[in-house]
>>> print(open('run21.csv').read())   # CSV, C-alpha atoms
chain,number,residue,atom,x,y,z
V,241,MET,CA,-12.7,22.9,-16.3
V,242,PHE,CA,-13.0,26.6,-17.3
V,243,LYS,CA,-9.3,26.9,-17.5
V,244,LYS,CA,-9.2,23.7,-19.7
V,245,CYS,CA,-11.8,25.3,-22.1
V,246,LEU,CA,-9.7,28.5,-22.2
V,247,ARG,CA,-6.5,26.6,-22.8
V,248,ASP,CA,-8.1,24.6,-25.7
V,249,LEU,CA,-9.3,27.9,-27.2
V,250,HIS,CA,-6.0,29.6,-26.8
V,251,ASN,CA,-4.1,26.7,-28.4
V,252,SER,CA,-6.4,26.6,-31.4
V,253,ARG,CA,-6.4,30.4,-32.0
V,254,LEU,CA,-8.1,29.8,-35.4
V,255,GLY,CA,-6.8,32.9,-37.1
V,256,ALA,CA,-6.7,35.3,-34.1
V,257,THR,CA,-3.8,37.7,-34.6
V,258,GLU,CA,-3.9,38.6,-30.9
V,259,PHE,CA,-5.6,36.9,-28.0
V,260,SER,CA,-5.3,37.3,-24.2
V,261,CYS,CA,-7.4,36.6,-21.1
V,262,ARG,CA,-7.2,37.5,-17.5
V,263,LEU,CA,-9.3,35.4,-15.0
V,264,GLU,CA,-10.4,37.2,-11.8
V,265,TYR,CA,-12.2,35.5,-8.9
V,266,LEU,CA,-14.4,37.8,-6.8
V,267,THR,CA,-14.7,36.3,-3.3
V,268,SER,CA,-17.4,38.7,-2.3
V,269,SER,CA,-19.8,37.5,-4.9
V,270,ASP,CA,-18.3,34.0,-5.5
V,271,VAL,CA,-18.0,34.4,-9.2
V,272,TYR,CA,-15.3,34.6,-11.9
V,273,HIS,CA,-14.8,37.6,-14.1
V,274,ALA,CA,-13.0,36.9,-17.4
V,275,HIS,CA,-11.4,39.8,-19.2
V,276,PHE,CA,-10.7,39.1,-22.9
V,277,SER,CA,-8.7,41.0,-25.5
V,278,VAL,CA,-9.2,39.7,-29.0
V,279,VAL,CA,-8.0,40.9,-32.4
V,280,SER,CA,-9.1,38.7,-35.3
V,281,HIS,CA,-10.3,38.9,-38.8
V,282,SER,CA,-11.4,35.3,-38.9
V,283,ASN,CA,-15.2,34.6,-38.8
V,284,GLU,CA,-14.4,31.0,-37.9
V,285,TRP,CA,-12.5,32.1,-34.8
V,286,HIS,CA,-15.4,34.4,-33.7
V,287,ILE,CA,-17.8,31.4,-34.0
V,288,SER,CA,-15.4,29.3,-31.9
V,289,PHE,CA,-15.1,32.0,-29.3
V,290,ALA,CA,-18.9,32.3,-29.0
V,291,ASN,CA,-19.1,28.6,-28.5
V,292,PHE,CA,-16.4,28.8,-25.9
V,293,LEU,CA,-18.3,31.5,-23.9
V,294,GLN,CA,-21.4,29.4,-24.0
V,295,ARG,CA,-19.5,26.5,-22.5
V,296,CYS,CA,-18.0,28.7,-19.9
V,297,ILE,CA,-21.4,29.9,-18.7
V,298,ILE,CA,-22.6,26.3,-18.4
V,299,VAL,CA,-19.5,25.2,-16.6
V,300,ILE,CA,-19.2,28.1,-14.2
V,301,GLY,CA,-22.9,27.8,-13.4
V,302,MET,CA,-22.5,24.2,-12.5
V,303,MET,CA,-19.4,25.0,-10.4
V,304,ASN,CA,-21.2,27.6,-8.4
V,305,ASP,CA,-24.3,25.4,-7.9
V,306,ARG,CA,-22.2,22.5,-6.6
V,307,THR,CA,-20.1,24.8,-4.4
V,308,ASN,CA,-23.1,26.3,-2.7
V,309,GLU,CA,-24.6,22.9,-2.3
V,310,LEU,CA,-21.4,21.6,-0.7
V,311,ARG,CA,-21.2,24.5,1.7
V,312,GLU,CA,-24.8,23.9,2.9
V,313,TYR,CA,-24.2,20.2,3.3
V,314,LEU,CA,-21.0,20.7,5.4
V,315,LYS,CA,-22.8,23.2,7.6
V,316,LYS,CA,-25.5,20.6,8.5
V,317,LEU,CA,-23.1,17.7,8.7
V,318,ASN,CA,-23.0,16.1,12.2
V,319,PHE,CA,-21.1,13.0,13.1
V,320,SER,CA,-19.8,11.1,16.1
V,321,LYS,CA,-17.0,8.5,16.4
V,322,THR,CA,-18.4,5.0,16.3
V,323,LYS,CA,-17.0,1.8,17.6
V,324,ASP,CA,-14.5,0.3,15.1
V,325,THR,CA,-15.9,-3.0,14.1
V,326,ARG,CA,-13.3,-3.7,11.4
V,327,VAL,CA,-10.9,-6.6,11.4
V,328,PRO,CA,-8.0,-5.9,13.8
V,329,TRP,CA,-4.6,-5.2,12.2
V,330,ASP,CA,-3.0,-8.4,13.4
V,331,VAL,CA,-5.8,-10.5,12.0
V,332,TYR,CA,-5.8,-8.5,8.8
V,333,PHE,CA,-2.0,-9.0,8.2
V,334,MET,CA,-2.1,-12.7,9.2
V,335,ARG,CA,-4.9,-13.4,6.8
V,336,ILE,CA,-2.8,-11.8,4.1
V,337,CYS,CA,0.1,-14.0,5.1
V,338,GLN,CA,-2.1,-17.0,4.7
V,339,LEU,CA,-3.1,-15.8,1.2
V,340,VAL,CA,0.6,-15.2,0.3
V,341,SER,CA,1.5,-18.7,1.4
V,342,GLU,CA,-0.9,-20.2,-1.2
V,343,ARG,CA,1.7,-19.1,-3.9
V,344,SER,CA,4.2,-21.6,-2.5
V,345,THR,CA,4.8,-24.9,-4.3
V,346,CYS,CA,6.6,-26.5,-1.4
V,347,LEU,CA,5.6,-30.2,-0.9
V,348,HIS,CA,5.9,-30.1,2.9
V,349,ARG,CA,4.9,-26.7,4.4
V,350,LYS,CA,3.5,-23.6,2.6
V,351,VAL,CA,4.6,-20.5,4.5
V,352,GLY,CA,3.7,-16.8,3.9
V,353,ALA,CA,5.4,-13.7,5.3
V,354,VAL,CA,4.5,-10.0,5.3
V,355,ILE,CA,6.7,-7.2,6.5
V,356,VAL,CA,4.8,-4.2,7.9
V,357,LYS,CA,5.6,-0.8,9.2
V,358,GLU,CA,3.1,1.7,10.6
V,359,ASN,CA,0.3,-0.6,9.4
V,360,ARG,CA,1.6,-0.4,5.8
V,361,ILE,CA,2.9,-3.5,3.9
V,362,LEU,CA,6.5,-3.1,2.8
V,363,ALA,CA,7.1,-6.6,1.3
V,364,THR,CA,5.8,-10.1,1.1
V,365,GLY,CA,7.3,-13.5,0.5
V,366,TYR,CA,6.6,-17.2,0.5
V,367,ASN,CA,8.9,-20.3,0.6
V,368,GLN,CA,10.0,-20.9,-3.0
V,369,PRO,CA,13.2,-21.6,-5.0
V,370,PRO,CA,15.1,-18.6,-6.5
V,371,SER,CA,13.6,-16.8,-9.5
V,372,GLY,CA,14.2,-18.7,-12.7
V,373,PHE,CA,14.7,-22.0,-10.9
V,374,PRO,CA,12.1,-24.8,-11.4
V,375,HIS,CA,9.3,-24.9,-8.9
V,376,CYS,CA,9.3,-27.7,-6.3
V,377,ASP,CA,6.2,-29.3,-7.7
V,378,SER,CA,8.1,-29.6,-11.0
V,379,ILE,CA,11.6,-30.6,-10.0
V,380,GLY,CA,10.7,-32.5,-6.9
V,381,CYS,CA,12.0,-32.3,-3.3
V,382,VAL,CA,15.7,-32.9,-2.8
V,383,ARG,CA,15.1,-33.4,0.9
V,384,ASN,CA,12.6,-36.2,0.2
V,385,ALA,CA,15.1,-37.8,-2.2
V,386,LEU,CA,17.8,-37.8,0.5
V,387,SER,CA,15.4,-38.7,3.3
V,388,ILE,CA,16.3,-35.6,5.4
V,389,PRO,CA,14.0,-35.1,8.4
V,390,SER,CA,12.3,-31.7,9.1
V,391,GLY,CA,14.5,-29.2,10.9
V,392,ARG,CA,17.8,-30.9,9.8
V,393,ASN,CA,20.3,-29.8,7.2
V,394,GLN,CA,18.3,-26.7,6.2
V,395,GLU,CA,21.0,-25.8,3.7
V,396,ILE,CA,20.1,-28.8,1.6
V,397,CYS,CA,16.9,-27.4,0.0
V,398,PHE,CA,16.1,-25.9,-3.4
V,399,GLY,CA,13.9,-23.2,-1.8
V,400,LEU,CA,14.3,-20.1,0.3
V,401,HIS,CA,12.1,-19.5,3.4
V,402,ALA,CA,9.2,-17.0,3.2
V,403,GLU,CA,11.0,-14.6,5.6
V,404,GLN,CA,14.1,-14.7,3.4
V,405,ASN,CA,12.2,-14.0,0.2
V,406,ALA,CA,10.3,-11.1,1.9
V,407,LEU,CA,13.6,-9.6,3.1
V,408,MET,CA,15.2,-10.0,-0.4
V,409,GLN,CA,12.2,-8.3,-2.0
V,410,ALA,CA,12.6,-5.3,0.3
V,411,ALA,CA,16.3,-5.2,-0.3
V,412,LYS,CA,15.8,-5.5,-4.1
V,413,PHE,CA,13.6,-2.4,-4.2
V,414,GLY,CA,15.6,-0.4,-1.6
V,415,ILE,CA,13.0,-0.6,1.2
V,416,SER,CA,14.2,-0.1,4.7
V,417,THR,CA,12.8,-2.7,7.2
V,418,LYS,CA,14.2,-1.0,10.3
V,419,GLY,CA,11.7,-1.0,13.1
V,420,ALA,CA,9.2,-3.1,11.1
V,421,THR,CA,7.1,-6.0,12.1
V,422,ILE,CA,7.1,-9.3,10.3
V,423,TYR,CA,4.0,-11.5,10.2
V,424,VAL,CA,4.7,-15.2,9.4
V,425,THR,CA,2.4,-18.2,9.2
V,426,THR,CA,5.0,-20.4,10.8
V,427,LYS,CA,7.5,-19.3,13.5
V,428,PRO,CA,10.9,-18.4,11.9
V,429,CYS,CA,13.8,-20.9,12.1
V,430,SER,CA,17.1,-19.8,13.7
V,431,VAL,CA,18.6,-19.0,10.2
V,432,CYS,CA,15.7,-16.6,9.4
V,433,ALA,CA,15.9,-15.3,13.0
V,434,ARG,CA,19.5,-14.1,12.3
V,435,LEU,CA,18.4,-12.3,9.1
V,436,ILE,CA,15.3,-10.7,10.8
V,437,ILE,CA,17.5,-9.3,13.6
V,438,ASN,CA,20.1,-7.9,11.3
V,439,ALA,CA,17.4,-6.4,9.0
V,440,GLY,CA,16.3,-4.2,11.9
V,441,ILE,CA,12.9,-5.8,12.4
V,442,SER,CA,11.6,-5.3,15.9
V,443,HIS,CA,8.5,-7.5,16.2
V,444,VAL,CA,7.6,-11.0,15.0
V,445,VAL,CA,4.1,-12.3,14.9
V,446,TYR,CA,3.5,-15.9,13.9
V,447,GLN,CA,0.7,-18.5,13.9
V,448,HIS,CA,2.2,-21.9,14.0
V,449,ASP,CA,5.2,-23.1,16.0
V,450,TYR,CA,8.5,-24.4,14.6
V,451,PRO,CA,10.8,-26.7,16.6
V,452,ASP,CA,13.9,-24.6,16.8
V,453,PRO,CA,14.8,-23.4,20.3
V,454,LEU,CA,17.7,-21.4,19.0
V,455,THR,CA,15.1,-19.0,17.5
V,456,ASP,CA,13.8,-18.0,20.9
V,457,TYR,CA,17.3,-17.7,22.2
V,458,PHE,CA,18.3,-15.3,19.4
V,459,PHE,CA,15.2,-13.2,19.8
V,460,ASN,CA,15.5,-13.2,23.6
V,461,VAL,CA,19.1,-12.0,23.7
V,462,CYS,CA,18.6,-9.4,20.9
V,463,GLY,CA,15.4,-7.9,22.2
V,464,ILE,CA,13.0,-8.9,19.5
V,465,SER,CA,9.4,-9.2,20.8
V,466,THR,CA,7.3,-12.1,19.6
V,467,ARG,CA,3.6,-12.8,19.5
V,468,LYS,CA,1.7,-16.0,18.7
V,469,MET,CA,-1.7,-16.1,17.0
V,470,SER,CA,-3.9,-19.0,16.2
V,471,GLY,CA,-6.9,-19.2,13.9
V,472,GLY,CA,-6.6,-15.5,13.1
V,473,GLU,CA,-6.9,-14.5,16.8
V,474,GLU,CA,-4.2,-13.7,19.3
V,475,VAL,CA,-3.7,-16.5,21.9
V,476,GLU,CA,-0.3,-15.6,23.4
V,477,SER,CA,1.7,-12.4,23.8
V,478,ARG,CA,5.4,-12.7,24.7
V,479,GLY,CA,7.7,-9.7,25.3
V,480,VAL,CA,11.4,-9.5,26.0
V,481,ALA,CA,10.9,-9.2,29.7
V,482,GLU,CA,8.8,-12.4,29.8
V,483,LEU,CA,11.4,-14.3,27.8
V,484,LEU,CA,14.2,-13.2,30.1
V,485,GLU,CA,12.3,-14.5,33.1
V,486,GLU,CA,12.1,-18.0,31.7
>>> encode(input="run21.csv", output="C-alpha cells")
Amino acid sequence: MFKKCLRDLHNSRLGATEFSCRLEYLTSSDVYHAHFSVVSHSNEWHISFANFLQRCIIVIGMMNDRTNELREYLKKLNFSKTKDTRVPWDVYFMRICQLVSERSTCLHRKVGAVIVKENRILATGYNQPPSGFPHCDSIGCVRNALSIPSGRNQEICFGLHAEQNALMQAAKFGISTKGATIYVTTKPCSVCARLIINAGISHVVYQHDYPDPLTDYFFNVCGISTRKMSGGEEVESRGVAELLEE
C-alpha cells in the first residue's frame, strides 16, 4: 500500500522538477526508511507531498501493528489433525454426476459423466444431441418413432452419450484425460467403453448397470478397473484381477 501511494505521487508530480525516493527496510527494527529527494517550486506539490507523508505514516503504522499481531498469533497457534468428516471423493463426484445429468433432455434416461484426475474435475457431459441441434424434448425421440428397444441400434439416435460429450469437451479444450477416472451415473455402453479406453482413462466408477456384456469384456481385456456405487455409497469394487478370474 505504501508503494501504491508512492507510485500515485510520483505519477502526478504536480510541478516537481525533480523527484526520487529510495525505500529501505530495516529488519533489526522492523521499519521502513524512505529517503526522498525533491526539487520543486510548486506550492501545490508540497501540499500533496505532505498529504502523502501523512498517509504513509498511517499505512506503515497499520502494517507494523498487524505484522506484530500476526507473529504473536502464530507463536501461540496449536493444532492437531482431526478426523476428516467431509463427503468422500467418490460420493462427491457421483453427486456432481447426478447434478450434471439433470441438464439432459433425453426422454428415456438422463445420464451425467464427470472426468476427474487427481481429484480435480477435467470435463463434464450429459446425454444430449450435438450443439445447435434441437433438444430431445423439442424434436422428439427418433427411437420412439421407430420403436427401437433399449440397447439396440445405438447409432439411430439424435443424442450423444454423456461419456462421449465429456470426452469431446476435454478434446475441444485440449485437456489430456490420460490416467483419469470417469464417474458416470449409468455404466458405459460398449461404444463408450471403446472411447474411454482410447482416451487413456484408467478407472470407471458408475452407479446404475447397463445391459451390455461387451463393456465388461473390453474393460477386462484392456485393464480398466471398474467400481459400482449405489445411493451415493460404494457397494461393489471390481479390479482387473477379479474380472479375469470370472
>>> closest_residue(input="run21.csv", among="V:Gly414, V:Ile436, V:Gln447, V:Ala406", to="Phe459 (chain V)", atoms="all atoms listed in the file")
V:Ile436
>>> closest_residue(input="run21.csv", among="V:Ile336, V:Cys397, V:Cys429, V:Val445", to="Pro369 (chain V)", atoms="only C-alpha atoms")
V:Cys397
>>> atom_distance(input="run21.csv", atom1="CA of Val327 (chain V)", atom2="CA of Ser344 (chain V)")
25.4 Å
>>> closest_residue(input="run21.csv", among="V:Met334, V:Leu314, V:Ile396, V:Ala411", to="Arg467 (chain V)", atoms="only C-alpha atoms")
V:Met334
